Every structure is written in structure tokens, then in C-alpha cells.
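**Student:** Have a look at this one before I ask anything.
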Amino acid sequence: SARRTIVCAQQCISRNVLTMREWWIHVALICVPLVAVYLHIPPPQLSPALHKWHGAGEVFRFRGREVFYRDSYGALGSSDVIILLHGFPTSSYDWNKIWEPLTQRFHRVIALDFLGFGFSDKPRPHRYSIFEQASVVEALVAHLGLGSQRVNLVSHDYGDTVALELLYRSDQNRTGHLTLNSLCLSNGGTPVFIFPTVCLCLSQKLLKDSSFLAPVLMRLTNYMIFQTGVGEVFGPYTQPTDAEFWDMWTGLRYNDGNLVLDSILQYINQRLKHRERWVGALTSTLVPLHMIYGPLDPVNPHPQFIRLYQQLVQRSTVTVLDEHISHYPQLEDPTGFLNAYFNFIHSF
């Protein structure tokens, strides 16, 4: 009987060991993909379209960092230069739908990925700022030998605020400043620090306030969450295709860009802090101004935003696009955006 007891005990132990092994195997099968999602392994691959955009660009060094840019020579017989400043959280690829038409009108069409965006370096930890991004643009212009050239700026979202810092430096005749021929703003950017009508999602609020949740949120942000968030700022009839969503996500994830989102989002606090500087530049400048506006934008609601903008910036002309166009007018209605911009450029 003692032998039977020992055998039974050994069998129980063996069963328990097997059960524990099976349990750990199940845990591993669940945890490995979760860790992979958390760490975003493997990284997304560039699509053929994004690979082509990347291949057509170059990099220059700014304070030891590599900054990606594109510089296309276009219209013969013209000396006009246009520089395109993209928004958050995307990249210079936002301008791809209007790139070729612009090269037919301008001698040089230039766009860059701001530090922390797209194909540019994304250092961390790093104190990202609007002032630094403006200096990046000035350094690029100097690098391209255009320091004495009058340039036309077109900006969107985050790029609007960078454009206003460049406008301030130009009007103040700061060393190394751009000589601006015109400035065209579009949805986003300016209203966040001018108007109380702007809406931020919960994740943006947590990230910009350096919440203790920020590192977790940044790593847990996956393609589906990104697609949902970005889709909310496009109109219902102008949603990006799956391929376009994926290209935006790939640009964000390139060089682990998702891990610097909280640092970059400090620009929202910077705009509040430096409101007088940038609003003052906008309201006092003699540079020709225009605003292209998609009225379905949930970030800058219609009609409150455009009314307040026109009251404050009385020298600026405005184009309100079709009622179905939202926060990304250059992608949602490239033809309408181009028509509005060319009308503005030909008006002075």
C-alpha cells in the first residue's frame, strides 16, 4: 500500500508538472503576440508609393540630426519658390497629391519632414519645440542656397505655427530669417492658441500634459487605434484608402516616431505660452495672407472658427471649401485646394 501511495503521488506530481507546463505554454502563446504588439515588432514596411517618395528625397544635417526633404525643379521661366510645411502627426507626404501641379507653376517646390516626423531623425529624449522647427526650415533654405530668395509658404496644422514663427522672425528682421513673399495657412495650428473653439481628444490631452500614462499610451497605440483617430478628422466622404492610412502609419512609425509623440505634443502648450508673439505677427504683418479651410473640421468647428479668424486677421483672404471637406483639405480636395491657392497667388 505504501508503494501504491508513492506511485499515486508521483503520478499526481507528473500530472501537475504537465499541467503547469501547458499553462506556461498557453501564457507564452498569449504574451508573445501581446509583447510584439506592445513593441510594434516587426516595424511596418514602406509601400511602393512611400518608398518612391523617400527615394526622391535627400537629407541634410541640422545640429547633428538628419532632416529629410524633397526639392523638385519645375516650371521653366519662373523663379518662384514654394515651401510646404506639414502637420501633426504626419509628414511631407501629405503634399503628394498636389506636388506635380505645383511643379508646373513654381520653379522649385520644397517640403521637409520636421524633426521627429516622417523620414527625419526622431531623437529621444529631446525637447521638441516650434522654435527649433523654424530654425530647421531656415537651415534648409540656407543649405539650398535660397537665403536671399523670396519664398512662398504653405502650411497645415502643426506647420501653421512653425510658419507663424518664421513670419515673426522675418518681420523682425532676425538673422537668418526667410524673406517671405506670401503665406497660406490651412486647417489647424493657428486656432489652437487663438480660439477657445478647438477640441483635443483625450489621448492628446494626456500626452501633451506629460501624463505618467504617456509612455504606455505611446507604445499601445497601434494601427487600428491610429486609423480610427485620424479617420475622425477626415470627412465621411473623403476618408483615406486603406493604403493611404497605412502610409501615414508607416511614416509615423519610421524610426519609432510613436515614442516621441508626447514630446512633440508640447507644441500645444507652447502655442498657449507664446500666443502674443505669434498672433501679433499674424495681425501686424504686411505679407499677403490666405487661409484655406475645410469646414467639416472637428478640430476647428465651422462657422465659429472662420468668423473669429476673419475678425482677428482682417488682412487675410479666406477660401472655404466644400461642406464635406474636413481637417486635411490638401488630401481630401486637392483640386479645390490648388484652385484656392492659385487664385490667391495670382491676386497680388
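A note on labels: chains of the C-alpha cells are A, B, ... as shown, every chain counts residues from 1, and ligands are counted from 1 in their shown order.
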Quick one: residues within 12 Å of Met224 in chain A, only C-alpha atoms, excluding same-chain residues fewer than 2 positions away - as a ChimeraX atom specification?

**Tutor:** /A:37,220-222,226-231,242,245-246,249

**Student:** Considering only C-alpha atoms, return as a ChimeraX atom specification whatever protein or nucleic-acid residues lie within 9 Å of Ile82 in chain A, sequence-local ones (same chain, fewer than 5 positions apart) excluded.

**Tutor:** /A:102,106-111,151-154

**Student:** Using only C-alpha atoms, which of the listed residues (A:Ala281, A:Ala163, A:Ile325, A:Ile306) sits closest to Leu183 in chain A?

**Tutor:** A:Ala163

**Student:** Between A:Gly118, A:Pro123, A:Pro298, A:Pro89, which one has atoms that come closest to Leu50 in chain A, using only C-alpha atoms?

**Tutor:**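 With only C-alpha atoms as the atom set, the closest residue is A:Gly118.
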
**Student:** Just list as a ChimeraX atom specification whatever in range 34-277 of chain A DSSP marks as alpha helix (DSSP H).

**Tutor:** /A:34-39,48-55,99-103,130-143,158-171,190-194,202-208,214-220,223-231,242-253,261-264,266-273,275-277

**Student:** I need the residue nearest Thr335 in chain A from this list: A:Phe60, A:Tyr237, A:Phe117, A:Trp99. Use only C-alpha atoms for the distance.

**Tutor:** A:Trp99

**Student:** Just give me the gap between CA of Gln314 in chain A and CA of Ser155 in chain A in Å, one decimal is fine.

**Tutor:**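 Going from CA of Gln314 in chain A over to CA of Ser155 in chain A covers 19.1 Å.
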
**Student:** Env of Phe62 in chain A: 12 Å cut, atoms = only C-alpha atoms, seq-sep filter 4 positions within chain, self excluded. Answer as a list of chain:residue names.

**Tutor:**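 Listed by chain and then number, they are A:Glu66, A:Val67, A:Phe68, A:Phe114, A:Leu115, A:Ser120, A:Asp121, A:Glu132, A:Gln133, A:Ala134, A:Ser135, A:Val136, A:Val137, A:Glu138, A:Ala139, A:Leu140, A:Val141, A:Ala142, A:His143.
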
**Student:** What is the distance between CA of Phe234 in chain A and CA of Thr319 in chain A, in Å to one decimal?

**Tutor:**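 Rounded to one decimal, the two atoms are 18.1 Å apart.
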
**Student:** Counting only C-alpha atoms, figure out which residue out of A:Leu180, A:Ile345, A:Val320, A:Leu296 gets nearest to Leu167 in chain A.

**Tutor:** A:Leu180

**Student:** Using only C-alpha atoms, which protein or nucleic acid residues come within 12 Å of Pro125 in chain A? Drop anything in the same chain fewer than 5 positions from it, and give the result as a VMD selection string.

**Tutor:** chain A and resid 116 215 257 259 to 264

**Student:** Take the residues from that selection and write them out as a CSV table (one decimal), in the first residue's frame, keeping all heavy atoms.

**Tutor:**
chain,number,residue,atom,x,y,z
A,116,GLY,N,11.6,64.7,-35.8
A,116,GLY,CA,10.6,63.9,-35.1
A,116,GLY,C,9.4,63.4,-35.9
A,116,GLY,O,8.6,62.7,-35.4
A,215,PRO,N,4.0,57.1,-21.7
A,215,PRO,CA,4.9,56.0,-22.3
A,215,PRO,C,4.1,54.8,-22.6
A,215,PRO,O,4.3,54.1,-23.7
A,215,PRO,CB,5.9,55.7,-21.1
A,215,PRO,CG,5.9,56.9,-20.3
A,215,PRO,CD,4.5,57.4,-20.3
A,257,GLY,N,8.8,56.7,-34.4
A,257,GLY,CA,8.2,58.0,-34.1
A,257,GLY,C,7.1,58.1,-33.2
A,257,GLY,O,6.8,59.1,-32.5
A,259,LEU,N,7.1,56.9,-30.3
A,259,LEU,CA,7.7,57.1,-29.0
A,259,LEU,C,8.0,58.5,-28.6
A,259,LEU,O,8.5,58.8,-27.5
A,259,LEU,CB,8.9,56.2,-28.8
A,259,LEU,CG,8.6,54.7,-29.0
A,259,LEU,CD1,9.9,53.9,-28.7
A,259,LEU,CD2,7.5,54.2,-28.2
A,260,VAL,N,7.9,59.4,-29.6
A,260,VAL,CA,8.2,60.9,-29.3
A,260,VAL,C,7.0,61.7,-29.4
A,260,VAL,O,7.1,63.0,-29.3
A,260,VAL,CB,9.3,61.4,-30.3
A,260,VAL,CG1,10.6,60.6,-30.2
A,260,VAL,CG2,8.8,61.4,-31.7
A,261,LEU,N,5.8,61.1,-29.5
A,261,LEU,CA,4.6,61.9,-29.7
A,261,LEU,C,4.3,62.8,-28.5
A,261,LEU,O,3.9,64.0,-28.7
A,261,LEU,CB,3.4,60.9,-29.8
A,261,LEU,CG,3.3,60.2,-31.2
A,261,LEU,CD1,2.1,59.3,-31.1
A,261,LEU,CD2,3.2,61.2,-32.3
A,262,ASP,N,4.6,62.3,-27.3
A,262,ASP,CA,4.3,63.2,-26.1
A,262,ASP,C,5.2,64.4,-26.1
A,262,ASP,O,4.8,65.5,-25.7
A,262,ASP,CB,4.4,62.4,-24.8
A,262,ASP,CG,5.8,61.8,-24.6
A,262,ASP,OD1,6.5,61.6,-25.6
A,262,ASP,OD2,6.2,61.7,-23.4
A,263,SER,N,6.5,64.2,-26.5
A,263,SER,CA,7.4,65.4,-26.6
A,263,SER,C,7.0,66.4,-27.6
A,263,SER,O,7.0,67.6,-27.4
A,263,SER,CB,8.8,64.9,-26.8
A,263,SER,OG,9.3,64.0,-25.8
A,264,ILE,N,6.6,65.9,-28.8
A,264,ILE,CA,6.2,66.8,-29.9
A,264,ILE,C,4.9,67.5,-29.5
A,264,ILE,O,4.8,68.7,-29.8
A,264,ILE,CB,6.0,66.0,-31.2
A,264,ILE,CG1,7.3,65.5,-31.7
A,264,ILE,CG2,5.3,66.8,-32.2
A,264,ILE,CD1,7.2,64.6,-32.9

**Student:** Using Å and a single decimal, report how far CA of Gly159 in chain A sits from CA of Ser91 in chain A.

**Tutor:**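 Between CA of Ser91 in chain A and CA of Gly159 in chain A the gap is 10.1 Å.
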
**Student:** Can you list, as a PyMOL selection string, every protein, DNA or RNA residue that comes within 10 Å of range 53-57 of chain A when you count only C-alpha atoms, leaving out same-chain residues fewer than 5 positions away?

**Tutor:** chain A and resi 46-48+68-72+92-93+96+110-112+118-119

**Student:** Would you mind exporting the chosen residues as a tab-separated table (two decimals), in the first residue's frame, restricted to N, CA, C and O atoms?

**Tutor:**
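For reference, result_7.tsv as written:
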chain	number	residue	atom	x	y	z
A	46	LEU	N	7.75	50.05	-45.93
A	46	LEU	CA	7.33	51.13	-46.81
A	46	LEU	C	6.57	50.57	-48.01
A	46	LEU	O	7.01	49.60	-48.63
A	47	SER	N	5.46	51.20	-48.34
A	47	SER	CA	4.73	50.83	-49.55
A	47	SER	C	5.53	51.31	-50.77
A	47	SER	O	6.42	52.16	-50.64
A	48	PRO	N	5.23	50.81	-51.96
A	48	PRO	CA	5.92	51.31	-53.16
A	48	PRO	C	5.80	52.82	-53.32
A	48	PRO	O	6.78	53.48	-53.69
A	68	PHE	N	15.00	65.01	-43.46
A	68	PHE	CA	14.60	64.62	-44.82
A	68	PHE	C	13.89	65.78	-45.51
A	68	PHE	O	13.09	66.48	-44.90
A	69	TYR	N	14.16	65.94	-46.80
A	69	TYR	CA	13.43	66.94	-47.58
A	69	TYR	C	13.34	66.52	-49.03
A	69	TYR	O	14.10	65.68	-49.51
A	70	ARG	N	12.38	67.12	-49.74
A	70	ARG	CA	12.28	66.97	-51.18
A	70	ARG	C	12.39	68.34	-51.82
A	70	ARG	O	11.85	69.33	-51.30
A	71	ASP	N	13.07	68.40	-52.95
A	71	ASP	CA	13.29	69.66	-53.66
A	71	ASP	C	13.16	69.36	-55.15
A	71	ASP	O	14.06	68.77	-55.74
A	72	SER	N	12.04	69.74	-55.73
A	72	SER	CA	11.79	69.45	-57.15
A	72	SER	C	11.86	70.74	-57.96
A	72	SER	O	11.26	71.75	-57.60
A	92	SER	N	5.77	65.15	-44.77
A	92	SER	CA	5.77	65.84	-46.06
A	92	SER	C	4.95	65.09	-47.11
A	92	SER	O	4.50	65.70	-48.09
A	93	TYR	N	4.72	63.81	-46.90
A	93	TYR	CA	3.93	63.03	-47.85
A	93	TYR	C	2.49	63.52	-47.93
A	93	TYR	O	1.77	63.18	-48.87
A	96	ASN	N	1.63	65.02	-51.31
A	96	ASN	CA	1.89	64.24	-52.53
A	96	ASN	C	0.84	64.45	-53.61
A	96	ASN	O	1.16	64.39	-54.80
A	110	ILE	N	9.48	72.68	-52.51
A	110	ILE	CA	10.29	72.13	-51.43
A	110	ILE	C	9.39	71.74	-50.26
A	110	ILE	O	8.46	72.47	-49.91
A	111	ALA	N	9.65	70.59	-49.70
A	111	ALA	CA	8.96	70.17	-48.48
A	111	ALA	C	9.94	69.40	-47.62
A	111	ALA	O	10.88	68.77	-48.13
A	112	LEU	N	9.74	69.43	-46.32
A	112	LEU	CA	10.61	68.70	-45.40
A	112	LEU	C	9.77	67.95	-44.39
A	112	LEU	O	8.59	68.25	-44.20
A	118	GLY	N	8.07	61.72	-39.95
A	118	GLY	CA	8.38	61.13	-41.24
A	118	GLY	C	9.73	60.44	-41.29
A	118	GLY	O	10.07	59.61	-40.45
A	119	PHE	N	10.53	60.81	-42.30
A	119	PHE	CA	11.83	60.18	-42.53
A	119	PHE	C	12.98	60.93	-41.86
A	119	PHE	O	14.14	60.56	-42.04
